[in-house]
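See structure below.
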Amino acid sequence: MATKNPIVDPMIEPRTGEYAVIAPGHNFKSVTQKIAGLVLTSNTPLGWFFGLIVAAGVATGLVVGCTWLFLKGVGIWGVTIPGAWGFAIINFVWWIGIGHAGTLISAILLLFKQTWRNSINRFAEAMTIFAVVCAGTFPLIHVGRPWLAYWLFPYPNTMNVWPQFRSPLAWDVFAVSTYATISIVFWYVGMIPDFGTLRDRAQLPAAKYFYGLLSLGWRGSTRHWIRYESASLLLAGLSTPLVLSVHTVISFDFAVAALAGWHTTIFPPYFVAGAIYSGFAMVITLAIPIRKFYHLEDLITLRHLDNMAKVMLGTGLIVGYGYCMEVFMSWYSASHWEFFMMWNRMFGPMGWAYWILIATNLAIPLTTLWSRKLRVNVLFLFLLSFVINTGMWFERFVIVVTSLYRDYLPSSWGTYRATRWDYMIYVGTLGLFTFLFFLFVRFLPMIPMSEIRMMLPQTKVRRGGTDAESVIEETI
Amino acid sequence: MPPREGIYGLLAEFNTPSELVHATEAAHHAGYRRMECYTPYPVEQAAEALRFHKTRVPLVCLLGGLLGVTTAYLMETWINVWSYPLNIAGRPLFSWPAFIIPAYEWTILFAGLSAAFGMLGLNGLPQLYHPVFNARNFRDGATTDKFFLCLEATDPRFSLEETRRFLEQFPAVSVVEVDH
């Protein structure tokens with residue numbers, strides 16, 4: 001099929017046909033000025049203050065909710081028997097899942113040499129850490145006596161009491177604390193060279209001092225860079241199995257229990273795919289306003305949005321496969337309990353939640369994301385990212401609640417109704433997440449400068465001046 | 001510690017990575033060994049020119065990972081078998097498959113921390129003072145858009161006059177002395 005018109009696109013390099021990741025016309029200085037300028041500027045946009053205050057106001061809900069919870073106990077929540085797991089677990093799994101896309105972008109895409117990730121990996125990692133902070137809140141506050149939460153860790157104590165390592169809840173402690181630690185270390189290590197840049201470009205003495213300390217004295221020495229690259233690659237290689245294991249361990253919290261609707265082997269892969277699905281949706285939710293307000297369209301291009309939408313399409317299909325297999329297995333198992341669970345999930349009193357989940361997680365995204373036009377439509381993607389994250393929240397709601405409230409014994413059936421404190425604490429974590437993110441975009445470099453520099457055409461090194469051979473090598 | 005008298009070295013500033021790599025290669029051919037390149041992003045060819053190939057970061061990381069898996073597995077076994085044995089639904093005290101999961105997480109935790117702190121340790125960071133920061137042009141460009149080659153005074157071939165002449169034959173923006 002012959003094309004009538006040659007494709008004219010400023011993003012396509014005419015000589016090589018390579019599709020550029022960042023818009024043309026940038027050099028080392030311009031990208032540095034652009035990104036460092038956002039942090040070092042003395043003119044903080046008014047909108048930033050407004051957003052920060054609103055987010056802080058919403059986050060107050062978390063403080064108030066937790067205070068009342070600590071005073072009264074978990075009885076203020078809607079959890080009861082048989083629905084002993086409610087919003088706390090739903091929100092925990094949802095937040096941790098959101099965090100996973102950050103690690104995927106920073107680690108797995110680095111190993112696959114997907115250079116387009118460089119523009120979005122820093123704030124995706126930030127998103128991971130803030131999501132883990134929000135997620136970590138829930139297990140801590142739902143233990144009933146949160147001041148004793150440190151008993152979960154194996155530490156020598158005079159009571160001579162130790163954790164029980166056959167329990168998935170103990171595995172959770174190890175998985176999530178490792179995940180939080182490694183994510184923070186990876187994030188910080190990634191920022192060290194950029195802190196060096198900020199230190200050298202800062203005008204205010206306080207900023208020089210602050211970024212100087214954070215940079216640890218980074219000076220861009222080649223020997224340092226080689227070790228640095230080696231450590232980054234190792235951290236990426238370690239984060240990859242880590243991120244896959246974390247949601248696997250979280251799915252074990254359910255899958256190890258002998259409850260219809262939880263006790264399935266498909267949970268680990270299906271949880272991981274769902275996590276990446278919701279995480280990419282959250283990256284899009286954050287990336288679209290950021291590139292708009294900070295005029296970063298050159299660095300976070302439509303190609304980034306398109307690629308992320310493709311990842312969502314792929315992971316969404318895996319999630320859809322998971323849903324189908326759950327239904328299939330509940331029929332194929334020939335188990336009365338499994339069959340009833342699935343019927344109750346679809347058509348029982350809480351069936352509406354299942355159909356919201358199917359509509360928002362499968363029907364809407366998986367029909368529209370095939371279209372390239374819609375994938376590069378910024379407004380559509382922005383709205384779709386909210387739809388998907390609503391769907392992923394409902395997925396956890398369906399898994400937790402509809403499996404629990406009608407189990408084996410009809411005499412013990414009950415229902416679940418969240419209270420205002422459940423909603424307040426959940427909305428409060430959304431506020432905390434936004435609040436932390438506002439602080440991040442103001443005080444830390446939100447795009448990795450050193451990695452963006454590596455993507456510029458000026459990085460090509462010509463050997464021995466400009467002899468014929470090297471010119472040919474370069475044009476190829 | 002090298003003596004803190006005289007100058008630290010001569011610092012040549014370049015506009016492009018190609019010029020830096022070319023000058024570094026030439027300096028190596030001329031017999032200079034104690035030298036270092038400073039670049040705003042990793043330039044692999046510069047490391048080749050410096051003949052710096054191997055790092056010990058992967059080794060440190062491996063040792064950390066082995067330490068992590070051993071520590072976690074032995075700890076779990078000791079706790080659940082000897083120190084605080086509990087009968088959980090008749091499962092064996094030494095439930096080795098269950099113990100793999102926390103041990104796996106600690107392998108990654110220890111290996112990751114070893115890679116990060118090992119890298120910093122081998123690099124000698126944090127080190128908030130370094131003589132190259134005394135060069136006025138260094139902080140303007142080294143972390144932004146300029147490429148530097150520093151020939152250090154501790155090199156046996158170093159002589160202020162000759163080395164300066166050597167560096168000036170390249171298209172360097174400037175060649176400055178770096179004080180301690």
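Each chain of the structure tokens is named A, B, ... in the order shown, its residues numbered from 1; ligands are numbered from 1 in display order.
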
Residues of chain A within 7 Å of chain B, counting only C-alpha atoms, as a PyMOL selection string: chain A and resi 28-29+32+161-162+164-166+171+174-175+178+182+196-197+200+216-217+219-225+227-228+230-231+234-235+238+242+450+453-454+459+461-464

Selection near segment 318-325 of chain A, 8 Å with only C-alpha atoms, sequence-local residues under 5 positions removed, as a PyMOL selection string: chain A and resi 266+270+273-274+362

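Straight-line separation from atom CA of Pro168 of chain A to atom CA of Ile184 of chain A: 24.0 Å.
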
Residue neighbourhood Gly190 of chain A, 10 Å, only C-alpha atoms, exclusion window fewer than 5 positions, as number ranges by chain: A: 106, 121-122, 125, 184-185, 195, 228-229, 232, 448, 450-451

Per-residue DSSP, segment 29-114 of chain B, filtered to strand (DSSP E or B), as a PyMOL selection string: chain B and resi 35-38

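When the distance limit is 9 Å and only C-alpha atoms are what count, the residues near Gly6 of chain B, minus those fewer than 4 positions from it on the same chain, are Ala153, Asp179 and His180 of chain B.
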
Close residues, His247 of chain A itself excluded, 9 Å, only C-alpha atoms, min 6 positions apart in chain, as a PyMOL selection string: chain A and resi 93+96-97+100+175+268-269+271-272+275

Dump as a short mmCIF file (atom, residue, chain, number, x, y, z; two decimals), in the first residue's frame, selection limited to C-alpha atoms:
data_model
loop_
_atom_site.label_atom_id
_atom_site.label_comp_id
_atom_site.auth_asym_id
_atom_site.auth_seq_id
_atom_site.Cartn_x
_atom_site.Cartn_y
_atom_site.Cartn_z
CA VAL A 93 -4.52 -2.67 48.02
CA ILE A 96 -0.16 -0.04 46.68
CA GLY A 97 -1.34 -0.97 43.20
CA HIS A 100 3.44 -0.12 41.14
CA ALA A 175 7.13 -6.98 51.31
CA PRO A 268 -1.00 -13.07 41.89
CA PRO A 269 -0.69 -12.32 38.13
CA PHE A 271 -3.29 -8.45 40.98
CA VAL A 272 0.01 -7.40 39.45
CA ALA A 275 -1.78 -2.75 39.86
#

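Between atom CA of Trp94 of chain A and atom CA of Trp393 of chain A there is a distance of 6.0 Å.
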
Residues near Trp116 of chain A, cut-off 9 Å, only C-alpha atoms, skip fewer than 3 positions along chain, as an MDAnalysis selection string: chainID A and resid 20:22 109 113 119:120 300 303:304 307 455

Spatial neighbours of Val133 of chain A, max dist 12 Å, only C-alpha atoms, sep filter under 2 positions, as JSON, numbers by chain: {"A": [91, 92, 95, 96, 98, 99, 126, 127, 128, 129, 130, 131, 135, 136, 137, 138, 139, 140, 176, 177, 179, 180, 181, 183, 184, 429, 430, 432, 433, 434, 436, 437]}

Nearest to Asn160 of chain A, chosen from B:Gly64, B:Thr163, B:Asn137, B:Trp82, with only C-alpha atoms counted in the distances: B:Trp82

Pick from A:Ile356, A:Ala124, A:Ile399, A:His142, whichever lies nearest to Trp77 of chain A using only C-alpha atoms: A:His142

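With distances restricted to only C-alpha atoms, B:Arg157 is the closest residue to Gly31 of chain B from B:Arg164, B:Leu151, B:Gln169, B:Arg157.
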
Two-atom distance - atom CA of Thr367 of chain A, atom CA of Val283 of chain A (Å): 20.6 Å

Alpha helix (DSSP H) per DSSP on the backbone: members of segment 25-121 of chain B, as a VMD selection string: chain B and resid 25 to 29 44 to 49 57 to 77 96 to 121
